[in-house]
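Student: Next comes the structure file query22.pdb, holding PDB, N, CA and C atoms, pLDDT in the B column.
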```pdb
ATOM      1  N   MET M   1     -28.285  50.425-100.133  1.00 79.00           N
ATOM      2  CA  MET M   1     -27.401  49.268-100.122  1.00 79.00           C
ATOM      3  C   MET M   1     -27.878  48.333 -99.014  1.00 79.00           C
ATOM      4  N   THR M   2     -28.049  47.064 -99.353  1.00 82.00           N
ATOM      5  CA  THR M   2     -28.515  46.084 -98.376  1.00 82.00           C
ATOM      6  C   THR M   2     -27.364  45.642 -97.477  1.00 82.00           C
ATOM      7  N   ALA M   3     -27.709  44.953 -96.405  1.00 84.00           N
ATOM      8  CA  ALA M   3     -26.688  44.431 -95.502  1.00 84.00           C
ATOM      9  C   ALA M   3     -25.830  43.383 -96.204  1.00 84.00           C
ATOM     10  N   THR M   4     -26.417  42.647 -97.152  1.00 86.00           N
ATOM     11  CA  THR M   4     -25.645  41.659 -97.915  1.00 86.00           C
ATOM     12  C   THR M   4     -24.557  42.350 -98.724  1.00 86.00           C
ATOM     13  N   GLN M   5     -24.923  43.407 -99.407  1.00 87.00           N
ATOM     14  CA  GLN M   5     -23.942  44.146-100.210  1.00 87.00           C
ATOM     15  C   GLN M   5     -22.889  44.798 -99.329  1.00 87.00           C
ATOM     16  N   THR M   6     -23.317  45.354 -98.203  1.00 84.00           N
ATOM     17  CA  THR M   6     -22.380  45.986 -97.278  1.00 84.00           C
ATOM     18  C   THR M   6     -21.424  44.959 -96.690  1.00 84.00           C
ATOM     19  N   GLY M   7     -21.947  43.801 -96.318  1.00 84.00           N
ATOM     20  CA  GLY M   7     -21.092  42.744 -95.764  1.00 84.00           C
ATOM     21  C   GLY M   7     -20.079  42.245 -96.769  1.00 84.00           C
ATOM     22  N   LEU M   8     -20.515  42.067 -98.006  1.00 87.00           N
ATOM     23  CA  LEU M   8     -19.605  41.616 -99.054  1.00 87.00           C
ATOM     24  C   LEU M   8     -18.525  42.666 -99.301  1.00 87.00           C
ATOM     25  N   LEU M   9     -18.915  43.914 -99.413  1.00 86.00           N
ATOM     26  CA  LEU M   9     -17.958  44.987 -99.647  1.00 86.00           C
ATOM     27  C   LEU M   9     -16.963  45.109 -98.493  1.00 86.00           C
ATOM     28  N   THR M  10     -17.464  45.004 -97.272  1.00 78.00           N
ATOM     29  CA  THR M  10     -16.584  45.073 -96.106  1.00 78.00           C
ATOM     30  C   THR M  10     -15.591  43.923 -96.101  1.00 78.00           C
ATOM     31  N   GLY M  11     -16.060  42.726 -96.375  1.00 80.00           N
ATOM     32  CA  GLY M  11     -15.165  41.574 -96.424  1.00 80.00           C
ATOM     33  C   GLY M  11     -14.095  41.721 -97.488  1.00 80.00           C
ATOM     34  N   LEU M  12     -14.474  42.241 -98.641  1.00 82.00           N
ATOM     35  CA  LEU M  12     -13.500  42.430 -99.713  1.00 82.00           C
ATOM     36  C   LEU M  12     -12.473  43.504 -99.371  1.00 82.00           C
ATOM     37  N   VAL M  13     -12.912  44.591 -98.780  1.00 78.00           N
ATOM     38  CA  VAL M  13     -11.985  45.660 -98.390  1.00 78.00           C
ATOM     39  C   VAL M  13     -11.040  45.180 -97.293  1.00 78.00           C
ATOM     40  N   LEU M  14     -11.574  44.447 -96.322  1.00 77.00           N
ATOM     41  CA  LEU M  14     -10.706  43.906 -95.271  1.00 77.00           C
ATOM     42  C   LEU M  14      -9.700  42.917 -95.849  1.00 77.00           C
ATOM     43  N   GLY M  15     -10.142  42.133 -96.810  1.00 78.00           N
ATOM     44  CA  GLY M  15      -9.225  41.199 -97.455  1.00 78.00           C
ATOM     45  C   GLY M  15      -8.109  41.915 -98.183  1.00 78.00           C
ATOM     46  N   LEU M  16      -8.430  42.997 -98.874  1.00 79.00           N
ATOM     47  CA  LEU M  16      -7.398  43.775 -99.558  1.00 79.00           C
ATOM     48  C   LEU M  16      -6.441  44.423 -98.571  1.00 79.00           C
ATOM     49  N   ALA M  17      -6.985  44.921 -97.458  1.00 74.00           N
ATOM     50  CA  ALA M  17      -6.134  45.563 -96.457  1.00 74.00           C
ATOM     51  C   ALA M  17      -5.250  44.549 -95.738  1.00 74.00           C
ATOM     52  N   ALA M  18      -5.759  43.339 -95.513  1.00 74.00           N
ATOM     53  CA  ALA M  18      -5.012  42.324 -94.768  1.00 74.00           C
ATOM     54  C   ALA M  18      -3.911  41.679 -95.606  1.00 74.00           C
ATOM     55  N   ALA M  19      -4.166  41.516 -96.876  1.00 67.00           N
ATOM     56  CA  ALA M  19      -3.192  40.806 -97.710  1.00 67.00           C
ATOM     57  C   ALA M  19      -3.073  41.522 -99.045  1.00 67.00           C
ATOM     58  N   PHE M  20      -1.882  41.906 -99.395  1.00 76.00           N
ATOM     59  CA  PHE M  20      -1.695  42.676-100.627  1.00 76.00           C
ATOM     60  C   PHE M  20      -0.612  42.040-101.466  1.00 76.00           C
ATOM     61  N   GLY M  21      -1.003  41.102-102.319  1.00 72.00           N
ATOM     62  CA  GLY M  21      -0.052  40.541-103.246  1.00 72.00           C
ATOM     63  C   GLY M  21      -0.053  39.026-103.305  1.00 72.00           C
ATOM     64  N   GLY M  22      -0.012  38.488-104.518  1.00 70.00           N
ATOM     65  CA  GLY M  22       0.178  37.062-104.720  1.00 70.00           C
ATOM     66  C   GLY M  22      -1.065  36.215-104.543  1.00 70.00           C
ATOM     67  N   PHE M  23      -0.847  34.910-104.649  1.00 72.00           N
ATOM     68  CA  PHE M  23      -1.925  33.936-104.553  1.00 72.00           C
ATOM     69  C   PHE M  23      -2.502  33.884-103.137  1.00 72.00           C
ATOM     70  N   GLU M  24      -1.634  34.064-102.140  1.00 76.00           N
ATOM     71  CA  GLU M  24      -2.114  34.064-100.755  1.00 76.00           C
ATOM     72  C   GLU M  24      -3.099  35.199-100.529  1.00 76.00           C
ATOM     73  N   ALA M  25      -2.846  36.350-101.127  1.00 75.00           N
ATOM     74  CA  ALA M  25      -3.758  37.485-100.995  1.00 75.00           C
ATOM     75  C   ALA M  25      -5.111  37.147-101.618  1.00 75.00           C
ATOM     76  N   PHE M  26      -5.075  36.460-102.748  1.00 73.00           N
ATOM     77  CA  PHE M  26      -6.323  36.049-103.396  1.00 73.00           C
ATOM     78  C   PHE M  26      -7.125  35.136-102.475  1.00 73.00           C
ATOM     79  N   LEU M  27      -6.466  34.167-101.830  1.00 77.00           N
ATOM     80  CA  LEU M  27      -7.178  33.241-100.945  1.00 77.00           C
ATOM     81  C   LEU M  27      -7.751  33.963 -99.729  1.00 77.00           C
ATOM     82  N   VAL M  28      -6.964  34.878 -99.146  1.00 80.00           N
ATOM     83  CA  VAL M  28      -7.451  35.640 -97.997  1.00 80.00           C
ATOM     84  C   VAL M  28      -8.647  36.494 -98.416  1.00 80.00           C
ATOM     85  N   LEU M  29      -8.550  37.131 -99.563  1.00 76.00           N
ATOM     86  CA  LEU M  29      -9.642  37.948-100.085  1.00 76.00           C
ATOM     87  C   LEU M  29     -10.890  37.100-100.323  1.00 76.00           C
ATOM     88  N   LEU M  30     -10.716  35.922-100.874  1.00 79.00           N
ATOM     89  CA  LEU M  30     -11.833  35.028-101.134  1.00 79.00           C
ATOM     90  C   LEU M  30     -12.517  34.600 -99.839  1.00 79.00           C
ATOM     91  N   VAL M  31     -11.734  34.230 -98.846  1.00 85.00           N
ATOM     92  CA  VAL M  31     -12.294  33.778 -97.563  1.00 85.00           C
ATOM     93  C   VAL M  31     -13.006  34.924 -96.850  1.00 85.00           C
ATOM     94  N   LEU M  32     -12.358  36.079 -96.748  1.00 82.00           N
ATOM     95  CA  LEU M  32     -12.973  37.203 -96.043  1.00 82.00           C
ATOM     96  C   LEU M  32     -14.188  37.742 -96.801  1.00 82.00           C
ATOM     97  N   GLY M  33     -14.148  37.719 -98.108  1.00 80.00           N
ATOM     98  CA  GLY M  33     -15.315  38.121 -98.888  1.00 80.00           C
ATOM     99  C   GLY M  33     -16.487  37.188 -98.661  1.00 80.00           C
ATOM    100  N   THR M  34     -16.219  35.899 -98.573  1.00 85.00           N
ATOM    101  CA  THR M  34     -17.266  34.916 -98.304  1.00 85.00           C
ATOM    102  C   THR M  34     -17.857  35.111 -96.912  1.00 85.00           C
ATOM    103  N   VAL M  35     -16.995  35.343 -95.931  1.00 88.00           N
ATOM    104  CA  VAL M  35     -17.474  35.589 -94.566  1.00 88.00           C
ATOM    105  C   VAL M  35     -18.331  36.850 -94.534  1.00 88.00           C
ATOM    106  N   GLY M  36     -17.881  37.900 -95.192  1.00 85.00           N
ATOM    107  CA  GLY M  36     -18.657  39.131 -95.244  1.00 85.00           C
ATOM    108  C   GLY M  36     -20.008  38.934 -95.912  1.00 85.00           C
ATOM    109  N   LEU M  37     -20.034  38.151 -96.981  1.00 83.00           N
ATOM    110  CA  LEU M  37     -21.286  37.865 -97.673  1.00 83.00           C
ATOM    111  C   LEU M  37     -22.238  37.081 -96.775  1.00 83.00           C
ATOM    112  N   LEU M  38     -21.729  36.075 -96.076  1.00 87.00           N
ATOM    113  CA  LEU M  38     -22.576  35.269 -95.194  1.00 87.00           C
ATOM    114  C   LEU M  38     -23.139  36.091 -94.042  1.00 87.00           C
ATOM    115  N   VAL M  39     -22.319  36.955 -93.452  1.00 87.00           N
ATOM    116  CA  VAL M  39     -22.790  37.822 -92.363  1.00 87.00           C
ATOM    117  C   VAL M  39     -23.864  38.769 -92.887  1.00 87.00           C
ATOM    118  N   GLY M  40     -23.638  39.343 -94.046  1.00 86.00           N
ATOM    119  CA  GLY M  40     -24.622  40.240 -94.624  1.00 86.00           C
ATOM    120  C   GLY M  40     -25.936  39.547 -94.935  1.00 86.00           C
ATOM    121  N   ARG M  41     -25.863  38.345 -95.481  1.00 87.00           N
ATOM    122  CA  ARG M  41     -27.092  37.603 -95.793  1.00 87.00           C
ATOM    123  C   ARG M  41     -27.835  37.217 -94.514  1.00 87.00           C
ATOM    124  N   TYR M  42     -27.098  36.905 -93.445  1.00 88.00           N
ATOM    125  CA  TYR M  42     -27.732  36.603 -92.165  1.00 88.00           C
ATOM    126  C   TYR M  42     -28.453  37.849 -91.631  1.00 88.00           C
ATOM    127  N   LEU M  43     -27.804  38.997 -91.718  1.00 87.00           N
ATOM    128  CA  LEU M  43     -28.417  40.229 -91.234  1.00 87.00           C
ATOM    129  C   LEU M  43     -29.624  40.630 -92.066  1.00 87.00           C
ATOM    130  N   ASP M  44     -29.641  40.291 -93.345  1.00 87.00           N
ATOM    131  CA  ASP M  44     -30.792  40.546 -94.211  1.00 87.00           C
ATOM    132  C   ASP M  44     -31.913  39.545 -93.980  1.00 87.00           C
ATOM    133  N   GLY M  45     -31.654  38.477 -93.241  1.00 87.00           N
ATOM    134  CA  GLY M  45     -32.663  37.452 -93.005  1.00 87.00           C
ATOM    135  C   GLY M  45     -32.769  36.457 -94.142  1.00 87.00           C
ATOM    136  N   LYS M  46     -31.777  36.405 -94.997  1.00 86.00           N
ATOM    137  CA  LYS M  46     -31.803  35.492 -96.143  1.00 86.00           C
ATOM    138  C   LYS M  46     -30.976  34.236 -95.909  1.00 86.00           C
ATOM    139  N   LEU M  47     -30.426  34.084 -94.705  1.00 84.00           N
ATOM    140  CA  LEU M  47     -29.628  32.912 -94.365  1.00 84.00           C
ATOM    141  C   LEU M  47     -30.127  32.367 -93.045  1.00 84.00           C
ATOM    142  N   ASP M  48     -30.595  31.126 -93.052  1.00 82.00           N
ATOM    143  CA  ASP M  48     -31.128  30.485 -91.858  1.00 82.00           C
ATOM    144  C   ASP M  48     -30.070  29.547 -91.293  1.00 82.00           C
ATOM    145  N   LEU M  49     -29.482  29.938 -90.169  1.00 77.00           N
ATOM    146  CA  LEU M  49     -28.415  29.134 -89.574  1.00 77.00           C
ATOM    147  C   LEU M  49     -28.930  27.819 -89.017  1.00 77.00           C
ATOM    148  N   ALA M  50     -30.199  27.770 -88.590  1.00 80.00           N
ATOM    149  CA  ALA M  50     -30.771  26.520 -88.099  1.00 80.00           C
ATOM    150  C   ALA M  50     -30.837  25.494 -89.221  1.00 80.00           C
ATOM    151  N   GLN M  51     -31.101  25.958 -90.428  1.00 75.00           N
ATOM    152  CA  GLN M  51     -31.154  25.043 -91.570  1.00 75.00           C
ATOM    153  C   GLN M  51     -29.763  24.483 -91.857  1.00 75.00           C
ATOM    154  N   LEU M  52     -28.740  25.314 -91.720  1.00 69.00           N
ATOM    155  CA  LEU M  52     -27.378  24.841 -91.941  1.00 69.00           C
ATOM    156  C   LEU M  52     -26.937  23.856 -90.872  1.00 69.00           C
ATOM    157  N   ALA M  53     -27.473  24.000 -89.656  1.00 74.00           N
ATOM    158  CA  ALA M  53     -27.118  23.115 -88.556  1.00 74.00           C
ATOM    159  C   ALA M  53     -27.892  21.805 -88.607  1.00 74.00           C
ATOM    160  N   GLY M  54     -28.843  21.676 -89.536  1.00 72.00           N
ATOM    161  CA  GLY M  54     -29.594  20.437 -89.669  1.00 72.00           C
ATOM    162  C   GLY M  54     -30.874  20.416 -88.878  1.00 72.00           C
ATOM    163  N   ARG M  55     -31.256  21.530 -88.281  1.00 62.00           N
ATOM    164  CA  ARG M  55     -32.504  21.594 -87.528  1.00 62.00           C
ATOM    165  C   ARG M  55     -33.587  22.134 -88.440  1.00 62.00           C
ATOM    166  N   ASP M  56     -34.733  21.479 -88.418  1.00 57.00           N
ATOM    167  CA  ASP M  56     -35.843  21.870 -89.282  1.00 57.00           C
ATOM    168  C   ASP M  56     -37.074  22.163 -88.440  1.00 57.00           C
ATOM    169  N   ARG M  57     -37.088  23.297 -87.798  1.00 54.00           N
ATOM    170  CA  ARG M  57     -38.208  23.744 -86.962  1.00 54.00           C
ATOM    171  C   ARG M  57     -38.537  22.772 -85.839  1.00 54.00           C
ATOM    172  N   ASP M  58     -37.613  21.939 -85.459  1.00 53.00           N
ATOM    173  CA  ASP M  58     -37.807  21.059 -84.305  1.00 53.00           C
ATOM    174  C   ASP M  58     -37.265  21.777 -83.079  1.00 53.00           C
ATOM    175  N   ASP M  59     -37.936  21.572 -81.951  1.00 53.00           N
ATOM    176  CA  ASP M  59     -37.362  22.123 -80.738  1.00 53.00           C
ATOM    177  C   ASP M  59     -36.313  21.148 -80.211  1.00 53.00           C
ATOM    178  N   PHE M  60     -35.805  21.407 -79.027  1.00 55.00           N
ATOM    179  CA  PHE M  60     -34.705  20.601 -78.510  1.00 55.00           C
ATOM    180  C   PHE M  60     -35.109  19.171 -78.180  1.00 55.00           C
ATOM    181  N   HIS M  61     -36.421  18.905 -78.080  1.00 56.00           N
ATOM    182  CA  HIS M  61     -36.885  17.561 -77.743  1.00 56.00           C
ATOM    183  C   HIS M  61     -37.351  16.786 -78.968  1.00 56.00           C
ATOM    184  N   GLY M  62     -37.217  17.368 -80.144  1.00 58.00           N
ATOM    185  CA  GLY M  62     -37.612  16.684 -81.351  1.00 58.00           C
ATOM    186  C   GLY M  62     -39.066  16.831 -81.731  1.00 58.00           C
ATOM    187  N   HIS M  63     -39.804  17.686 -81.031  1.00 57.00           N
ATOM    188  CA  HIS M  63     -41.224  17.896 -81.345  1.00 57.00           C
ATOM    189  C   HIS M  63     -41.359  19.044 -82.324  1.00 57.00           C
ATOM    190  N   ARG M  64     -42.290  18.894 -83.221  1.00 60.00           N
ATOM    191  CA  ARG M  64     -42.602  19.973 -84.173  1.00 60.00           C
ATOM    192  C   ARG M  64     -43.346  21.080 -83.431  1.00 60.00           C
ATOM    193  N   ASP M  65     -43.137  22.312 -83.892  1.00 60.00           N
ATOM    194  CA  ASP M  65     -43.893  23.430 -83.340  1.00 60.00           C
ATOM    195  C   ASP M  65     -45.365  23.258 -83.704  1.00 60.00           C
ATOM    196  N   ARG M  66     -46.216  23.438 -82.729  1.00 60.00           N
ATOM    197  CA  ARG M  66     -47.655  23.324 -82.971  1.00 60.00           C
ATOM    198  C   ARG M  66     -48.307  24.666 -82.678  1.00 60.00           C
ATOM    199  N   PRO M  67     -49.269  25.078 -83.500  1.00 61.00           N
ATOM    200  CA  PRO M  67     -49.928  26.360 -83.232  1.00 61.00           C
ATOM    201  C   PRO M  67     -50.762  26.274 -81.954  1.00 61.00           C
ATOM    202  N   VAL M  68     -50.808  27.381 -81.241  1.00 61.00           N
ATOM    203  CA  VAL M  68     -51.601  27.467 -80.009  1.00 61.00           C
ATOM    204  C   VAL M  68     -53.017  27.838 -80.402  1.00 61.00           C
ATOM    205  N   ARG M  69     -54.005  27.101 -79.849  1.00 58.00           N
ATOM    206  CA  ARG M  69     -55.417  27.373 -80.184  1.00 58.00           C
ATOM    207  C   ARG M  69     -56.088  28.133 -79.103  1.00 58.00           C
TER     208      ARG M  69
END
```
Let me see the file written as structure tokens.
Tutor:
Amino acid sequence: MTATQTGLLTGLVLGLAAAFGGFEAFLVLLVLGTVGLLVGRYLDGKLDLAQLAGRDRDDFHGHRDRPVR
């Protein structure tokens, strides 16, 4: 089982434990399942947080990474 699957399963189980019943439970389950999936994908290396933040391999000064010769 990958970290993505484990994260999703954990989020879903926590959602069921936190809220049991009605539309509110569905929303809590949906949110916690999504958080679990995102954490799992990050741990698997399939989610790049820098890309989500709008940074594209630029350092803090706006220069592109250059290979060292």
Student: Would you work out the distance separating atom N of Leu9 in chain M from atom C of Gly54 in chain M, expressed in Å to one decimal?
Tutor: 28.4 Å
Student: Can you work out which one of M:Gln51, M:Arg41, M:Gly33, M:Lys46 has the shortest atom-to-atom distance to Ala3 in chain M, counting only C-alpha atoms?
Tutor: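 Closest to Ala3 in chain M, using only C-alpha atoms: M:Arg41.
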Student: Measure the distance from CA of Leu8 in chain M to CA of Phe26 in chain M in Å and round it to one decimal.
Tutor: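 Spanning CA of Leu8 in chain M to CA of Phe26 in chain M is a straight-line distance of 15.0 Å.
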Student: Report as a ChimeraX atom specification: the residues of range 1-33 of chain M with a DSSP assignment of alpha helix (DSSP H), based on the backbone of this structure.
Tutor: /M:3-18,22-33
Student: For the residues in that selection, give me N, CA and C atoms as an mmCIF file, keeping the file's coordinate frame.
Tutor:
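Generated file (selection.cif):
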```cif
data_model
loop_
_atom_site.group_PDB
_atom_site.id
_atom_site.type_symbol
_atom_site.label_atom_id
_atom_site.label_comp_id
_atom_site.auth_asym_id
_atom_site.auth_seq_id
_atom_site.Cartn_x
_atom_site.Cartn_y
_atom_site.Cartn_z
ATOM 1 N N ALA M 3 -27.709 44.953 -96.405
ATOM 2 C CA ALA M 3 -26.688 44.431 -95.502
ATOM 3 C C ALA M 3 -25.830 43.383 -96.204
ATOM 4 N N THR M 4 -26.417 42.647 -97.152
ATOM 5 C CA THR M 4 -25.645 41.659 -97.915
ATOM 6 C C THR M 4 -24.557 42.350 -98.724
ATOM 7 N N GLN M 5 -24.923 43.407 -99.407
ATOM 8 C CA GLN M 5 -23.942 44.146 -100.210
ATOM 9 C C GLN M 5 -22.889 44.798 -99.329
ATOM 10 N N THR M 6 -23.317 45.354 -98.203
ATOM 11 C CA THR M 6 -22.380 45.986 -97.278
ATOM 12 C C THR M 6 -21.424 44.959 -96.690
ATOM 13 N N GLY M 7 -21.947 43.801 -96.318
ATOM 14 C CA GLY M 7 -21.092 42.744 -95.764
ATOM 15 C C GLY M 7 -20.079 42.245 -96.769
ATOM 16 N N LEU M 8 -20.515 42.067 -98.006
ATOM 17 C CA LEU M 8 -19.605 41.616 -99.054
ATOM 18 C C LEU M 8 -18.525 42.666 -99.301
ATOM 19 N N LEU M 9 -18.915 43.914 -99.413
ATOM 20 C CA LEU M 9 -17.958 44.987 -99.647
ATOM 21 C C LEU M 9 -16.963 45.109 -98.493
ATOM 22 N N THR M 10 -17.464 45.004 -97.272
ATOM 23 C CA THR M 10 -16.584 45.073 -96.106
ATOM 24 C C THR M 10 -15.591 43.923 -96.101
ATOM 25 N N GLY M 11 -16.060 42.726 -96.375
ATOM 26 C CA GLY M 11 -15.165 41.574 -96.424
ATOM 27 C C GLY M 11 -14.095 41.721 -97.488
ATOM 28 N N LEU M 12 -14.474 42.241 -98.641
ATOM 29 C CA LEU M 12 -13.500 42.430 -99.713
ATOM 30 C C LEU M 12 -12.473 43.504 -99.371
ATOM 31 N N VAL M 13 -12.912 44.591 -98.780
ATOM 32 C CA VAL M 13 -11.985 45.660 -98.390
ATOM 33 C C VAL M 13 -11.040 45.180 -97.293
ATOM 34 N N LEU M 14 -11.574 44.447 -96.322
ATOM 35 C CA LEU M 14 -10.706 43.906 -95.271
ATOM 36 C C LEU M 14 -9.700 42.917 -95.849
ATOM 37 N N GLY M 15 -10.142 42.133 -96.810
ATOM 38 C CA GLY M 15 -9.225 41.199 -97.455
ATOM 39 C C GLY M 15 -8.109 41.915 -98.183
ATOM 40 N N LEU M 16 -8.430 42.997 -98.874
ATOM 41 C CA LEU M 16 -7.398 43.775 -99.558
ATOM 42 C C LEU M 16 -6.441 44.423 -98.571
ATOM 43 N N ALA M 17 -6.985 44.921 -97.458
ATOM 44 C CA ALA M 17 -6.134 45.563 -96.457
ATOM 45 C C ALA M 17 -5.250 44.549 -95.738
ATOM 46 N N ALA M 18 -5.759 43.339 -95.513
ATOM 47 C CA ALA M 18 -5.012 42.324 -94.768
ATOM 48 C C ALA M 18 -3.911 41.679 -95.606
ATOM 49 N N GLY M 22 -0.012 38.488 -104.518
ATOM 50 C CA GLY M 22 0.178 37.062 -104.720
ATOM 51 C C GLY M 22 -1.065 36.215 -104.543
ATOM 52 N N PHE M 23 -0.847 34.910 -104.649
ATOM 53 C CA PHE M 23 -1.925 33.936 -104.553
ATOM 54 C C PHE M 23 -2.502 33.884 -103.137
ATOM 55 N N GLU M 24 -1.634 34.064 -102.140
ATOM 56 C CA GLU M 24 -2.114 34.064 -100.755
ATOM 57 C C GLU M 24 -3.099 35.199 -100.529
ATOM 58 N N ALA M 25 -2.846 36.350 -101.127
ATOM 59 C CA ALA M 25 -3.758 37.485 -100.995
ATOM 60 C C ALA M 25 -5.111 37.147 -101.618
ATOM 61 N N PHE M 26 -5.075 36.460 -102.748
ATOM 62 C CA PHE M 26 -6.323 36.049 -103.396
ATOM 63 C C PHE M 26 -7.125 35.136 -102.475
ATOM 64 N N LEU M 27 -6.466 34.167 -101.830
ATOM 65 C CA LEU M 27 -7.178 33.241 -100.945
ATOM 66 C C LEU M 27 -7.751 33.963 -99.729
ATOM 67 N N VAL M 28 -6.964 34.878 -99.146
ATOM 68 C CA VAL M 28 -7.451 35.640 -97.997
ATOM 69 C C VAL M 28 -8.647 36.494 -98.416
ATOM 70 N N LEU M 29 -8.550 37.131 -99.563
ATOM 71 C CA LEU M 29 -9.642 37.948 -100.085
ATOM 72 C C LEU M 29 -10.890 37.100 -100.323
ATOM 73 N N LEU M 30 -10.716 35.922 -100.874
ATOM 74 C CA LEU M 30 -11.833 35.028 -101.134
ATOM 75 C C LEU M 30 -12.517 34.600 -99.839
ATOM 76 N N VAL M 31 -11.734 34.230 -98.846
ATOM 77 C CA VAL M 31 -12.294 33.778 -97.563
ATOM 78 C C VAL M 31 -13.006 34.924 -96.850
ATOM 79 N N LEU M 32 -12.358 36.079 -96.748
ATOM 80 C CA LEU M 32 -12.973 37.203 -96.043
ATOM 81 C C LEU M 32 -14.188 37.742 -96.801
ATOM 82 N N GLY M 33 -14.148 37.719 -98.108
ATOM 83 C CA GLY M 33 -15.315 38.121 -98.888
ATOM 84 C C GLY M 33 -16.487 37.188 -98.661
#
```
Student: Do you have the CA of Gly36 in chain M-atom N of Gly11 in chain M distance handy?
Tutor: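 Taking CA of Gly36 in chain M and atom N of Gly11 in chain M, their separation equals 4.6 Å.
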Student: Let me know the residues the PyMOL selection byres ((chain M and resi 29) around 8) catches in the file above, as an MDAnalysis selection string.
Tutor: chainID M and resid 11:19 23:28 30:35
Student: Next, dump the selected residues to file, keeping only N, CA and C atoms, as a PDB file, in the coordinates of the input.
Tutor:
```pdb
ATOM      1  N   GLY M  11     -16.060  42.726 -96.375  1.00 80.00           N
ATOM      2  CA  GLY M  11     -15.165  41.574 -96.424  1.00 80.00           C
ATOM      3  C   GLY M  11     -14.095  41.721 -97.488  1.00 80.00           C
ATOM      4  N   LEU M  12     -14.474  42.241 -98.641  1.00 82.00           N
ATOM      5  CA  LEU M  12     -13.500  42.430 -99.713  1.00 82.00           C
ATOM      6  C   LEU M  12     -12.473  43.504 -99.371  1.00 82.00           C
ATOM      7  N   VAL M  13     -12.912  44.591 -98.780  1.00 78.00           N
ATOM      8  CA  VAL M  13     -11.985  45.660 -98.390  1.00 78.00           C
ATOM      9  C   VAL M  13     -11.040  45.180 -97.293  1.00 78.00           C
ATOM     10  N   LEU M  14     -11.574  44.447 -96.322  1.00 77.00           N
ATOM     11  CA  LEU M  14     -10.706  43.906 -95.271  1.00 77.00           C
ATOM     12  C   LEU M  14      -9.700  42.917 -95.849  1.00 77.00           C
ATOM     13  N   GLY M  15     -10.142  42.133 -96.810  1.00 78.00           N
ATOM     14  CA  GLY M  15      -9.225  41.199 -97.455  1.00 78.00           C
ATOM     15  C   GLY M  15      -8.109  41.915 -98.183  1.00 78.00           C
ATOM     16  N   LEU M  16      -8.430  42.997 -98.874  1.00 79.00           N
ATOM     17  CA  LEU M  16      -7.398  43.775 -99.558  1.00 79.00           C
ATOM     18  C   LEU M  16      -6.441  44.423 -98.571  1.00 79.00           C
ATOM     19  N   ALA M  17      -6.985  44.921 -97.458  1.00 74.00           N
ATOM     20  CA  ALA M  17      -6.134  45.563 -96.457  1.00 74.00           C
ATOM     21  C   ALA M  17      -5.250  44.549 -95.738  1.00 74.00           C
ATOM     22  N   ALA M  18      -5.759  43.339 -95.513  1.00 74.00           N
ATOM     23  CA  ALA M  18      -5.012  42.324 -94.768  1.00 74.00           C
ATOM     24  C   ALA M  18      -3.911  41.679 -95.606  1.00 74.00           C
ATOM     25  N   ALA M  19      -4.166  41.516 -96.876  1.00 67.00           N
ATOM     26  CA  ALA M  19      -3.192  40.806 -97.710  1.00 67.00           C
ATOM     27  C   ALA M  19      -3.073  41.522 -99.045  1.00 67.00           C
ATOM     28  N   PHE M  23      -0.847  34.910-104.649  1.00 72.00           N
ATOM     29  CA  PHE M  23      -1.925  33.936-104.553  1.00 72.00           C
ATOM     30  C   PHE M  23      -2.502  33.884-103.137  1.00 72.00           C
ATOM     31  N   GLU M  24      -1.634  34.064-102.140  1.00 76.00           N
ATOM     32  CA  GLU M  24      -2.114  34.064-100.755  1.00 76.00           C
ATOM     33  C   GLU M  24      -3.099  35.199-100.529  1.00 76.00           C
ATOM     34  N   ALA M  25      -2.846  36.350-101.127  1.00 75.00           N
ATOM     35  CA  ALA M  25      -3.758  37.485-100.995  1.00 75.00           C
ATOM     36  C   ALA M  25      -5.111  37.147-101.618  1.00 75.00           C
ATOM     37  N   PHE M  26      -5.075  36.460-102.748  1.00 73.00           N
ATOM     38  CA  PHE M  26      -6.323  36.049-103.396  1.00 73.00           C
ATOM     39  C   PHE M  26      -7.125  35.136-102.475  1.00 73.00           C
ATOM     40  N   LEU M  27      -6.466  34.167-101.830  1.00 77.00           N
ATOM     41  CA  LEU M  27      -7.178  33.241-100.945  1.00 77.00           C
ATOM     42  C   LEU M  27      -7.751  33.963 -99.729  1.00 77.00           C
ATOM     43  N   VAL M  28      -6.964  34.878 -99.146  1.00 80.00           N
ATOM     44  CA  VAL M  28      -7.451  35.640 -97.997  1.00 80.00           C
ATOM     45  C   VAL M  28      -8.647  36.494 -98.416  1.00 80.00           C
ATOM     46  N   LEU M  30     -10.716  35.922-100.874  1.00 79.00           N
ATOM     47  CA  LEU M  30     -11.833  35.028-101.134  1.00 79.00           C
ATOM     48  C   LEU M  30     -12.517  34.600 -99.839  1.00 79.00           C
ATOM     49  N   VAL M  31     -11.734  34.230 -98.846  1.00 85.00           N
ATOM     50  CA  VAL M  31     -12.294  33.778 -97.563  1.00 85.00           C
ATOM     51  C   VAL M  31     -13.006  34.924 -96.850  1.00 85.00           C
ATOM     52  N   LEU M  32     -12.358  36.079 -96.748  1.00 82.00           N
ATOM     53  CA  LEU M  32     -12.973  37.203 -96.043  1.00 82.00           C
ATOM     54  C   LEU M  32     -14.188  37.742 -96.801  1.00 82.00           C
ATOM     55  N   GLY M  33     -14.148  37.719 -98.108  1.00 80.00           N
ATOM     56  CA  GLY M  33     -15.315  38.121 -98.888  1.00 80.00           C
ATOM     57  C   GLY M  33     -16.487  37.188 -98.661  1.00 80.00           C
ATOM     58  N   THR M  34     -16.219  35.899 -98.573  1.00 85.00           N
ATOM     59  CA  THR M  34     -17.266  34.916 -98.304  1.00 85.00           C
ATOM     60  C   THR M  34     -17.857  35.111 -96.912  1.00 85.00           C
ATOM     61  N   VAL M  35     -16.995  35.343 -95.931  1.00 88.00           N
ATOM     62  CA  VAL M  35     -17.474  35.589 -94.566  1.00 88.00           C
ATOM     63  C   VAL M  35     -18.331  36.850 -94.534  1.00 88.00           C
TER      64      VAL M  35
END
```
